[in-house]
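Asker: I'm passing along protein-v7.pdb; it holds PDB, C-alpha atoms.
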```
ATOM      1  CA  ARG S 828     269.793 104.226  79.307
ATOM      2  CA  GLU S 829     270.285 107.075  76.845
ATOM      3  CA  ARG S 830     267.447 108.211  74.614
ATOM      4  CA  ARG S 831     267.898 107.117  71.023
ATOM      5  CA  PRO S 832     266.229 109.135  68.237
ATOM      6  CA  SER S 833     265.482 105.978  66.243
ATOM      7  CA  VAL S 834     263.600 104.272  69.111
ATOM      8  CA  LEU S 835     259.840 104.726  69.466
ATOM      9  CA  GLN S 836     258.879 106.276  72.783
ATOM     10  CA  GLY S 837     256.205 104.933  75.057
ATOM     11  CA  ASP S 838     253.586 107.074  76.749
ATOM     12  CA  LEU S 839     254.090 108.303  80.298
ATOM     13  CA  GLU S 840     251.089 109.655  82.206
ATOM     14  CA  ARG S 841     250.926 111.091  85.721
ATOM     15  CA  VAL S 842     247.904 109.721  87.603
ATOM     16  CA  GLU S 843     246.536 110.623  91.026
ATOM     17  CA  ILE S 844     244.616 107.953  92.889
ATOM     18  CA  GLY S 845     242.470 108.773  95.907
ATOM     19  CA  SER S 846     241.275 111.972  97.532
ATOM     20  CA  GLU S 847     243.008 115.286  96.959
ATOM     21  CA  GLN S 848     244.275 115.501 100.559
ATOM     22  CA  SER S 849     245.900 112.080 100.534
ATOM     23  CA  ALA S 850     246.242 111.267  96.856
ATOM     24  CA  SER S 851     248.769 108.711  95.744
ATOM     25  CA  VAL S 852     250.795 109.704  92.707
ATOM     26  CA  VAL S 853     251.894 107.185  90.098
ATOM     27  CA  HIS S 854     253.281 107.514  86.593
ATOM     28  CA  VAL S 855     252.004 104.940  84.119
ATOM     29  CA  TYR S 856     254.386 104.018  81.315
ATOM     30  CA  ARG S 857     252.926 102.206  78.296
ATOM     31  CA  ALA S 858     255.433 100.799  75.858
ATOM     32  CA  PRO S 859     254.904 101.177  72.120
ATOM     33  CA  GLY S 860     252.833  98.241  70.955
ATOM     34  CA  THR S 861     250.528  98.119  73.971
ATOM     35  CA  GLU S 862     247.864 100.400  72.481
ATOM     36  CA  THR S 863     245.915  97.547  70.903
ATOM     37  CA  ALA S 864     247.433  94.617  72.796
ATOM     38  CA  THR S 865     245.742  92.471  75.391
ATOM     39  CA  ASP S 866     247.283  90.610  78.314
ATOM     40  CA  VAL S 867     250.129  93.136  78.669
ATOM     41  CA  PRO S 868     252.856  92.394  81.265
ATOM     42  CA  LEU S 869     252.806  94.580  84.380
ATOM     43  CA  ALA S 870     255.614  95.920  86.561
ATOM     44  CA  ILE S 871     254.953  98.075  89.617
ATOM     45  CA  LEU S 872     258.052  99.949  90.800
ATOM     46  CA  PHE S 873     258.405 101.754  94.131
ATOM     47  CA  ASP S 874     260.347 105.058  94.390
ATOM     48  CA  GLY S 875     259.072 106.037  90.971
ATOM     49  CA  GLY S 876     260.045 109.682  91.397
ATOM     50  CA  THR S 877     263.703 108.754  91.589
ATOM     51  CA  LEU S 878     263.335 106.512  88.542
ATOM     52  CA  LEU S 879     261.715 109.354  86.625
ATOM     53  CA  ASP S 880     264.723 111.527  87.472
ATOM     54  CA  ILE S 881     266.963 109.107  85.567
ATOM     55  CA  ASP S 882     264.464 108.815  82.687
ATOM     56  CA  ILE S 883     263.700 105.132  83.220
ATOM     57  CA  ALA S 884     261.199 105.388  80.357
ATOM     58  CA  ALA S 885     264.137 105.655  77.924
ATOM     59  CA  THR S 886     265.527 102.396  79.305
ATOM     60  CA  PHE S 887     262.144 100.698  78.898
ATOM     61  CA  ASP S 888     261.888 102.046  75.330
ATOM     62  CA  ASN S 889     265.361 100.742  74.462
ATOM     63  CA  LEU S 890     264.772  97.313  76.009
ATOM     64  CA  VAL S 891     261.466  96.899  74.179
ATOM     65  CA  HIS S 892     263.028  98.111  70.912
ATOM     66  CA  GLU S 893     265.872  95.581  71.255
ATOM     67  CA  GLN S 894     263.314  92.868  72.137
ATOM     68  CA  VAL S 895     265.035  92.189  75.461
ATOM     69  CA  ILE S 896     261.620  92.562  77.124
ATOM     70  CA  GLU S 897     258.156  92.497  75.630
ATOM     71  CA  PRO S 898     256.049  95.664  75.553
ATOM     72  CA  LEU S 899     254.778  96.304  79.069
ATOM     73  CA  VAL S 900     252.947  98.631  81.392
ATOM     74  CA  ALA S 901     255.245  99.909  84.135
ATOM     75  CA  VAL S 902     253.782 101.839  87.039
ATOM     76  CA  LEU S 903     256.198 104.121  88.849
ATOM     77  CA  VAL S 904     254.849 104.752  92.352
ATOM     78  CA  GLU S 905     255.952 108.244  93.360
ATOM     79  CA  SER S 906     253.924 108.521  96.556
ATOM     80  CA  ILE S 907     251.479 106.475  98.587
ATOM     81  CA  ARG S 908     248.605 108.368 100.163
ATOM     82  CA  GLY S 909     250.362 111.707 100.184
ATOM     83  CA  SER S 910     253.836 110.541 101.151
ATOM     84  CA  ALA S 911     256.881 112.305  99.787
ATOM     85  CA  ARG S 912     259.763 110.819  97.788
ATOM     86  CA  ARG S 913     262.123 111.075 100.735
ATOM     87  CA  GLY S 914     261.867 111.591 104.459
ATOM     88  CA  PRO S 915     259.731 110.165 107.228
ATOM     89  CA  THR S 916     256.583 109.828 105.126
ATOM     90  CA  ARG S 917     258.414 107.695 102.522
ATOM     91  CA  VAL S 918     259.752 105.500 105.300
ATOM     92  CA  GLU S 919     256.317 105.257 106.874
ATOM     93  CA  SER S 920     254.590 104.335 103.616
ATOM     94  CA  LEU S 921     257.114 101.652 102.595
ATOM     95  CA  THR S 922     257.318  99.999 106.025
ATOM     96  CA  ALA S 923     253.616 100.025 106.892
ATOM     97  CA  PRO S 924     252.234  96.901 105.228
ATOM     98  CA  GLY S 925     248.668  98.010 105.894
ATOM     99  CA  MET S 926     249.349 101.163 103.893
ATOM    100  CA  PHE S 927     251.335  99.967 100.866
ATOM    101  CA  GLU S 928     249.624  96.597 100.596
ATOM    102  CA  SER S 929     246.096  98.006 100.622
ATOM    103  CA  PHE S 930     247.112 100.793  98.228
ATOM    104  CA  VAL S 931     248.605  98.407  95.667
ATOM    105  CA  ILE S 932     246.088  95.564  95.959
ATOM    106  CA  GLU S 933     242.839  97.439  96.695
ATOM    107  CA  GLU S 934     243.360 100.744  94.862
ATOM    108  CA  LEU S 935     246.161 100.691  92.296
ATOM    109  CA  VAL S 936     245.686  97.291  90.649
ATOM    110  CA  PRO S 937     241.883  97.691  90.301
ATOM    111  CA  ALA S 938     242.394 101.169  88.788
ATOM    112  CA  LEU S 939     244.892  99.728  86.302
ATOM    113  CA  VAL S 940     242.675  96.775  85.398
ATOM    114  CA  ALA S 941     239.754  99.159  84.774
ATOM    115  CA  ARG S 942     241.656 101.219  82.210
ATOM    116  CA  LEU S 943     244.450  99.082  80.757
ATOM    117  CA  PRO S 944     244.668  95.593  79.223
ATOM    118  CA  ILE S 945     247.140  94.301  81.824
ATOM    119  CA  THR S 946     247.641  90.611  82.394
ATOM    120  CA  ASP S 947     246.261  88.691  85.332
ATOM    121  CA  ASP S 948     249.002  86.083  84.853
ATOM    122  CA  PRO S 949     251.260  86.308  87.912
ATOM    123  CA  SER S 950     254.244  84.967  85.953
ATOM    124  CA  ARG S 951     254.061  88.151  83.849
ATOM    125  CA  SER S 952     253.498  90.565  86.749
ATOM    126  CA  ALA S 953     256.302  91.938  88.905
ATOM    127  CA  VAL S 954     256.697  94.212  91.873
ATOM    128  CA  VAL S 955     260.033  96.023  92.056
ATOM    129  CA  GLY S 956     261.900  98.075  94.634
ATOM    130  CA  GLN S 957     265.213  98.973  96.106
ATOM    131  CA  SER S 958     266.124  99.525  99.731
ATOM    132  CA  LEU S 959     262.827  99.912 101.643
ATOM    133  CA  GLY S 960     261.018  99.528  98.320
ATOM    134  CA  GLY S 961     262.722  96.145  97.966
ATOM    135  CA  LEU S 962     261.478  95.154 101.413
ATOM    136  CA  ALA S 963     257.934  96.158 100.405
ATOM    137  CA  ALA S 964     258.256  94.320  97.061
ATOM    138  CA  LEU S 965     259.315  91.092  98.751
ATOM    139  CA  TRP S 966     256.415  91.360 101.212
ATOM    140  CA  LEU S 967     253.832  92.022  98.485
ATOM    141  CA  ALA S 968     255.038  89.128  96.338
ATOM    142  CA  HIS S 969     254.934  86.768  99.301
ATOM    143  CA  ARG S 970     251.474  87.878 100.373
ATOM    144  CA  HIS S 971     249.974  88.098  96.878
ATOM    145  CA  PRO S 972     251.612  85.448  94.669
ATOM    146  CA  ARG S 973     248.463  85.187  92.530
ATOM    147  CA  ARG S 974     248.981  88.819  91.482
ATOM    148  CA  PHE S 975     252.793  89.065  91.480
ATOM    149  CA  GLY S 976     254.783  86.040  90.391
ATOM    150  CA  CYS S 977     258.031  87.961  90.400
ATOM    151  CA  ALA S 978     259.743  90.328  92.814
ATOM    152  CA  VAL S 979     262.840  92.340  92.029
ATOM    153  CA  ALA S 980     264.356  93.512  95.286
ATOM    154  CA  GLN S 981     267.607  95.383  94.826
ATOM    155  CA  SER S 982     269.636  95.998  97.971
ATOM    156  CA  SER S 983     266.576  95.278 100.116
ATOM    157  CA  SER S 984     266.567  96.723 103.617
ATOM    158  CA  LEU S 985     266.421  93.330 105.274
ATOM    159  CA  TRP S 986     268.273  94.916 108.188
ATOM    160  CA  TRP S 987     265.303  97.243 108.876
ATOM    161  CA  PRO S 988     264.323  96.788 112.544
ATOM    162  CA  GLY S 989     260.629  97.585 112.199
ATOM    163  CA  GLY S 990     258.670  98.242 115.351
ATOM    164  CA  GLU S 991     255.356  99.951 116.170
ATOM    165  CA  GLY S 992     253.449  98.271 113.334
ATOM    166  CA  GLN S 993     256.258  98.570 110.800
ATOM    167  CA  LEU S 994     257.378  95.727 108.598
ATOM    168  CA  SER S 995     260.848  94.503 109.548
ATOM    169  CA  GLY S 996     263.484  92.651 107.605
ATOM    170  CA  ASP S 997     263.050  89.789 110.065
ATOM    171  CA  ASP S 998     259.318  89.638 109.188
ATOM    172  CA  VAL S 999     260.155  89.276 105.499
ATOM    173  CA  LEU S1000     262.890  86.701 106.092
ATOM    174  CA  ALA S1001     260.578  84.673 108.339
ATOM    175  CA  ALA S1002     257.863  84.746 105.668
ATOM    176  CA  TYR S1003     260.206  83.116 103.164
ATOM    177  CA  ALA S1004     262.137  80.857 105.569
ATOM    178  CA  GLY S1005     261.869  77.119 105.183
ATOM    179  CA  SER S1006     259.832  77.118 102.011
ATOM    180  CA  VAL S1007     260.306  77.510  98.308
ATOM    181  CA  PRO S1008     258.782  80.888  97.503
ATOM    182  CA  PRO S1009     255.783  80.733  95.152
ATOM    183  CA  VAL S1010     257.366  83.633  93.268
ATOM    184  CA  ARG S1011     260.507  84.184  91.246
ATOM    185  CA  LEU S1012     262.920  86.453  93.095
TER     186      LEU S1012
END
```
Transcribe the structure of this file into structure tokens.
Answerer:
Amino acid sequence: RERRPSVLQGDLERVEIGSEQSASVVHVYRAPGTETATDVPLAILFDGGTLLDIDIAATFDNLVHEQVIEPLVAVLVESIRGSARRGPTRVESLTAPGMFESFVIEELVPALVARLPITDDPSRSAVVGQSLGGLAALWLAHRHPRRFGCAVAQSSSLWWPGGEGQLSGDDVLAAYAGSVPPVRL
């Protein structure tokens, strides 16, 4: 997790997607070695602001340097359509499938594909989250297995009751019940 002077650092760029009033903010990390690569693995991580606070880029740099993971593009989603890191708007954005699903699938991924050589291989594309972000990650992977072949869902809020158009833990569990998921969890 600690920065190491001998380890090459990747690039981290803040990007706004959408209109100024309701822009989504993401931070795009590109590992060393991705500048001229093609078919680069992709990871989209919810609650990116919190991950930036702990300098997750240093962890990515170290893992790539040690060849634990291959060089990747990691997208840290700080906000979705103007939502804040914490509070009701974060809850709203991560429990409203119409909001986070359309943002990721219709806005974010096309923007990434247009400017970066990311893979279209679902086995090398992951969506990641914890708590409500984990709930959203599980939902996205289930609904879009041709884009995301892997979901990392740490301490997912499967207890979340949902209601009034919100995704619930029961919705996610029902989606996966009785079948082998088409994604690696």
Asker: For the provided coordinates, the residues matched by the PyMOL selection byres ((chain S and resi 989-1002) around 8) should be stated as number ranges by chain.
Answerer: S: 919, 922-924, 962, 965-966, 969, 984-988, 1003-1004
Asker: The centre and edge lengths of an axis-aligned box containing all atoms of stretch 835-847 of chain S present in the file, extended by 4 Å on each side, are to be given in Å to one decimal, as JSON.
Answerer:
```
{"center_x": 250.6, "center_y": 110.0, "center_z": 83.5, "size_x": 26.6, "size_y": 18.6, "size_z": 36.1}
```
Asker: Any idea what's packed within 9 Å of S:Pro859, counting all atoms listed in the file, ignoring anything in its chain fewer than 6 positions away? Could you give it as a ChimeraX atom specification?
Answerer: /S:835-838,888,891-892,898-899
Asker: Write the selection just made, keeping C-alpha atoms, as a PDB file, in the coordinates of the input?
Answerer:
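Written file, selection_16.pdb:
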```pdb
ATOM      1  CA  LEU S 835     259.840 104.726  69.466  1.00  0.00           C
ATOM      2  CA  GLN S 836     258.879 106.276  72.783  1.00  0.00           C
ATOM      3  CA  GLY S 837     256.205 104.933  75.057  1.00  0.00           C
ATOM      4  CA  ASP S 838     253.586 107.074  76.749  1.00  0.00           C
ATOM      5  CA  ASP S 888     261.888 102.046  75.330  1.00  0.00           C
ATOM      6  CA  VAL S 891     261.466  96.899  74.179  1.00  0.00           C
ATOM      7  CA  HIS S 892     263.028  98.111  70.912  1.00  0.00           C
ATOM      8  CA  PRO S 898     256.049  95.664  75.553  1.00  0.00           C
ATOM      9  CA  LEU S 899     254.778  96.304  79.069  1.00  0.00           C
TER      10      LEU S 899
END
```
Asker: Smallest atom-to-atom distance to S:Ala870: which of S:Ala850, S:Val1010, S:Ala941, S:Ala964, using all atoms listed in the file?
Answerer: S:Ala964
Asker: Write out as JSON lines a residue-level contact list of stretch 885-979 of chain S versus stretch 840-845 of chain S with cut-off 8 Å: for each qualifying residue the closest pair of atoms and the distance in Å to one decimal, counting all atoms listed in the file, rows sorted by chain and residue number upward.
Answerer:
```
{"residue": "S:Arg908", "atom": "CA", "partner": "S:Gly845", "partner_atom": "CA", "distance": 7.5}
{"residue": "S:Glu934", "atom": "CA", "partner": "S:Ile844", "partner_atom": "CA", "distance": 7.6}
{"residue": "S:Leu935", "atom": "CA", "partner": "S:Ile844", "partner_atom": "CA", "distance": 7.4}
```
Asker: What does the distance between atom CA of S:Val918 and atom CA of S:Ile883 come to in Å, to one decimal place?
Answerer: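 Answer for the atom CA of S:Val918 to atom CA of S:Ile883 separation: 22.4 Å.
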Asker: Find, counting only C-alpha atoms, the residue in S:Val904, S:Leu879, S:Val940, S:Ala953 that gets nearest to S:Ser920.
Answerer: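 The shortest atom-to-atom distance to S:Ser920 comes from S:Val904.
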Asker: So, counting all atoms listed in the file, which residue among S:Val855, S:Leu921, S:Ala978, S:Val895 is closest to S:Asp874?
Answerer: S:Leu921
Asker: Quick one: everything within 9 Å of S:Leu839, counting all atoms listed in the file, minus sequence neighbours fewer than 5 positions away in the same chain. Send it as a PyMOL selection string.
Answerer: chain S and resi 854-858+884
Asker: If you measure from atom CA of S:Ser952 to atom CA of S:Pro868, what distance in Å do you get, rounded to one decimal?
Answerer: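 Answer for the atom CA of S:Ser952 to atom CA of S:Pro868 separation: 5.8 Å.
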